[in-house]
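Let me begin by presenting the structure, written as structure tokens, before commenting on it.
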Amino acid sequence: MDSGEDGNGAQDALPPPPPVPPNVVPIKADSVASEPVKKKVARVPIARRGFASKGQKIALTTNHFKVNVTGADGHFFHYSVSLSYEDGRPVDGKGIGRKVIDRVHETYDSELGGKDFAYDGEKSLFTVGPLPRNKLEFTVVLEDVSSNRNNGNGSPDRGSPNESDRKRMRRPYQSKTFKVEISFAAKIPMQAIANALRGQESENSQEALRVLDIILRQHASKQGCLLVRQSFFHNDPKNFIDLGGGVLGCRGFHSSFRTTQGGLSLNIDVSTTMIVQPGPVVDFLIANQNARDPFSLDWAKAKKMLKNLRVKTSPSNTEYKITGLSEKPCKEQLFTLKQRNGKDENGEAQTIEVTVFDYFVNHRRIELRYSADLPCINVGKPKRPTYFPIELCTLVSLQRYTKALSTLQRASLVERSRQKPQERIGVLTNALRSNNYDAEPMLRSCGISISRDLTQIEGRVLAAPRLKVGNGEDFFPRNGRWNFNNKKLVEPTKIERWAVVNFSARCDIRNLVRELIKCGGMKGIHIDPPFDVFEENPQSRRAPPIVRVEKMFEEIQSKLPGAPQFLLCLLPERKNSDLYGPWKRKNLSEYGIVTQCIAPTRVNDQYLTNVLLKINAKLGGLNSMLAVEHSPSIPIVSKGPTIILGMDVSHGSPGQSDVPSIAAVVSSRQWPLISRYRASVRTQSPKVEMIDSLYKRVSETEDEGIIRELLLDFYVSSGKRKPDQIIIFRDGVSESQFNQVLNIELDQIIEACKFLDEKWSPKFVVIVAQKNHHTKFFQHGSPDNVPPGTVIDNKVCHPRNNDFYLCAHAGMIGTTRPTHYHVLLDEVGFSSDDLQELVHSLSYVYQRSTTAISVVAPICYAHLAATQMSQFMKFEDTSETSSSQGGLTSAGPVPVPQLPKLQESVCNSMFFC
């Protein structure tokens, strides 16, 4: 079907519903009594229906360590903790809580009945068995709390140098008195853990496991670790990886208790977080901004970067939090200094105005080498600043860096944090031994002991599916890989009207075009010579990206006789080119032209083949397909019209709280195929994970939601058939959000179906794919990664729910990360074998590569579509129209700018491929 054949035919075939559809008729007052309103029952994830058996058995180990619980008849007691200063102000500094509670524990042991605590660092504290009373109040004094709170007494403008020196020796001004209230909140039976292991999960069981995780966090905290959710990081330079730009990768460990079919287990894995390079503040800023010296720093950037970081000041070695920078350089920044002996006529201490530089050099006799012309660090309040020269400030270790990493930093992190399977096993078993959990008093009082050995399990290796290429040829991938050497693509396209556009990339274009045409011919793609090569005018190179794209299009329009079928675009940078977003937007949303961007460095046959795979898929061709698609003989899917959806939401980088999130849904088309997809993409409120535009009714006859658009395309492209079965793959949601996927997103999809046809009730399958978890698998007795196709649905899987792990791809570097699939709903009735086989097969239909991929293709495509469309937004932010209200959704209180619509000629294509 021609990709331009879109909405109109579909509209005729699927007439709009009557003005007021039956499912939205308001209930009349007199009908309420006679017809009781049915209360909607919330859907919950389905239970496992049985185990799969297909595949070659394989002995594996996993990074789960068995946990034995003997004290299961006791109770955890939950107490809420309230901390305040002597004057009643609540304590807001992070990290103080643990110090205060430790002091309470030391000071009032007998009043607390000799109990050990598990404290979460904030408002919750847990004990095994009750404390002597339901409400306890204590007062404690901490001598040194400067690391978490500024007391306003440490600034150079308080008192004379001698007085300051005396204070620094005693430091009594840093002692603080705290009031602590501990009140009973709830009682949690430890039996709830045993119930969860039998598949009877409840709020109590989640709370009980949370207590165990809090015990581990507290254990790590006492060793001085940085805690990030359920991971912890030691202050050991051996664990630091320099990523450049003043950022270090810090290696640590993730640990969490999991209920599994094999009992309670402790999942331990290697984890990495980013930290700020400790040491002199100036060194960090120079590295962070890639500056020559402190005098060429951008101080507006520096101020943003430093805010809330902690520094130690010399010579006193006191810790403070940075609140800002002084507006003037150190040698000009004045403050009021009280005179030591002088009093005015009212008997009040006399004051003089001095500069910060003068105070430290002349009054404190501290040598300053380069601070005179640089701003001071402010550690006080904005209205009561406390200044220190920048060279006296050193960044404390283990402070998280939460900004987005650059492409180079990310590549460096991936490269340097890889571990081969055997290396990872060694690191994990050593971590368990060195953590010495057996000595943790809280765990002992729960009767918990943790095995030192990795858990042994049995997996199965599924055979790779048979693929079809051109000329009716079949072949089996080997080790999750294949190639197109001496093979034709299954459905090659023809490229007749095309041109090359070069944005100042250095490249032998003639040779590139010649080799591309030759390589295409070998793969079955007929490529005519290009109409022209458009070279960028050298004078345009310094212009903003949008202007460069505009100028190039003026040139193209003036010379091309008509709209090209395809444009090949050469970009000067391989990654993150500023031109990419505006170029894609111009082509796809303004002109409806398919385009392929490349930044060729080494041009060889493999490179050109990969480029052609993308071009062929974008232009409506098909590179390879499953043999069972061609027959068609996919269990269940081939029997009745079935649409497969892949859903993902991409969010702005860390620290970008105002960048809209982008929801993308891709859908299969031309049933019985499951290799062809199209995408629908929308913006929504920042950081919102649930997709809110699946169904968007704007009038009695109009739904502008994503699902309607995709269903109409399926109907038209699949011979005017509505899908009887809708299989949904959802990415990026945690277990706590499963119920929202089942009850909010699925409800929207059902509404969209009903809106098209009131009587239509397709059956649904909902599967969540998780990559962001910490379970790894190792081949027993082998240094290699697990083979592609390895599936695990026993022992470490959920005791009740229907989940399984699949390593579909060949892990070539590091340790393979399996995808964890959760089957939340299956109204179709797949057998476990058929469902796992379908998921495995969907890892082989990804048109961009000649390897099996780690997660099903529809999810990868959704991610690609969201990422590509988000590039459109980037340039809206930097253009003058960023604040314009041109097209807003009602996704949240802040108007969210809408994405530009794609032209009809490309909206059904795999433009994202």
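Ligands are numbered from 1 in the order shown, residues from 1 within each chain, and chains are lettered A, B, ... in the order they appear in the structure tokens.
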
Practice problem: Might you pull out every residue within 10 Å of Ile691 of chain A, with only C-alpha atoms counted and same-chain residues fewer than 6 positions away left off, and present them as number ranges by chain? | Solution: A: 647-649, 661-665, 682-685, 706, 741, 744-745, 748, 891

Self-check item: Contacts of Leu489 of chain A within 8 Å, only C-alpha atoms, excl. fewer than 6 positions in-chain, as an NGL selection string
Solution: :A and (469-470 or 523-525 or 622-624)

Quiz item: What are the DSSP alpha helix (DSSP H) residues of segment 253-317 of chain A, as a PyMOL selection string?
Solution: chain A and resi 281-289+299-306

Exercise. Tell me which of A:Thr139, A:Asn288, A:Asn616, A:Thr775 sits closest to His526 of chain A, counting only C-alpha atoms.
Key: A:Asn616

Quiz item: Skipping near chain neighbours, those fewer than 5 positions away, what residues fall within 10 Å of segment 695-697 of chain A using only C-alpha atoms, listed as a VMD selection string?
Solution: chain A and resid 702 to 709 745 747 to 753 755

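If only C-alpha atoms are the atoms counted, then among A:Arg444, A:Arg133, A:Lys312, A:His105 the closest residue to Pro280 of chain A is A:Lys312.
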
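Shortest atom-to-atom contact with Val379 of chain A among A:Ala404, A:Leu337, A:Ala291, A:Ile322: A:Ile322, counting only C-alpha atoms.
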
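Restricting the calculation to only C-alpha atoms, the smallest distance between Val247 of chain A and any of A:Ser909, A:Gln409, A:Asn576, A:Ser734 is found for A:Gln409.
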
Self-check item: Every residue of segment 482-580 of chain A that DSSP places in strand (DSSP E or B), as an NGL selection string
Solution: :A and (491 or 494-495 or 498-502 or 526-527 or 533-535 or 566-570)

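Shortest separation to Pro492 of chain A among A:Gly621, A:Lys586, A:Arg510, A:Asn785 occurs at residue A:Gly621, atoms counted being only C-alpha atoms.
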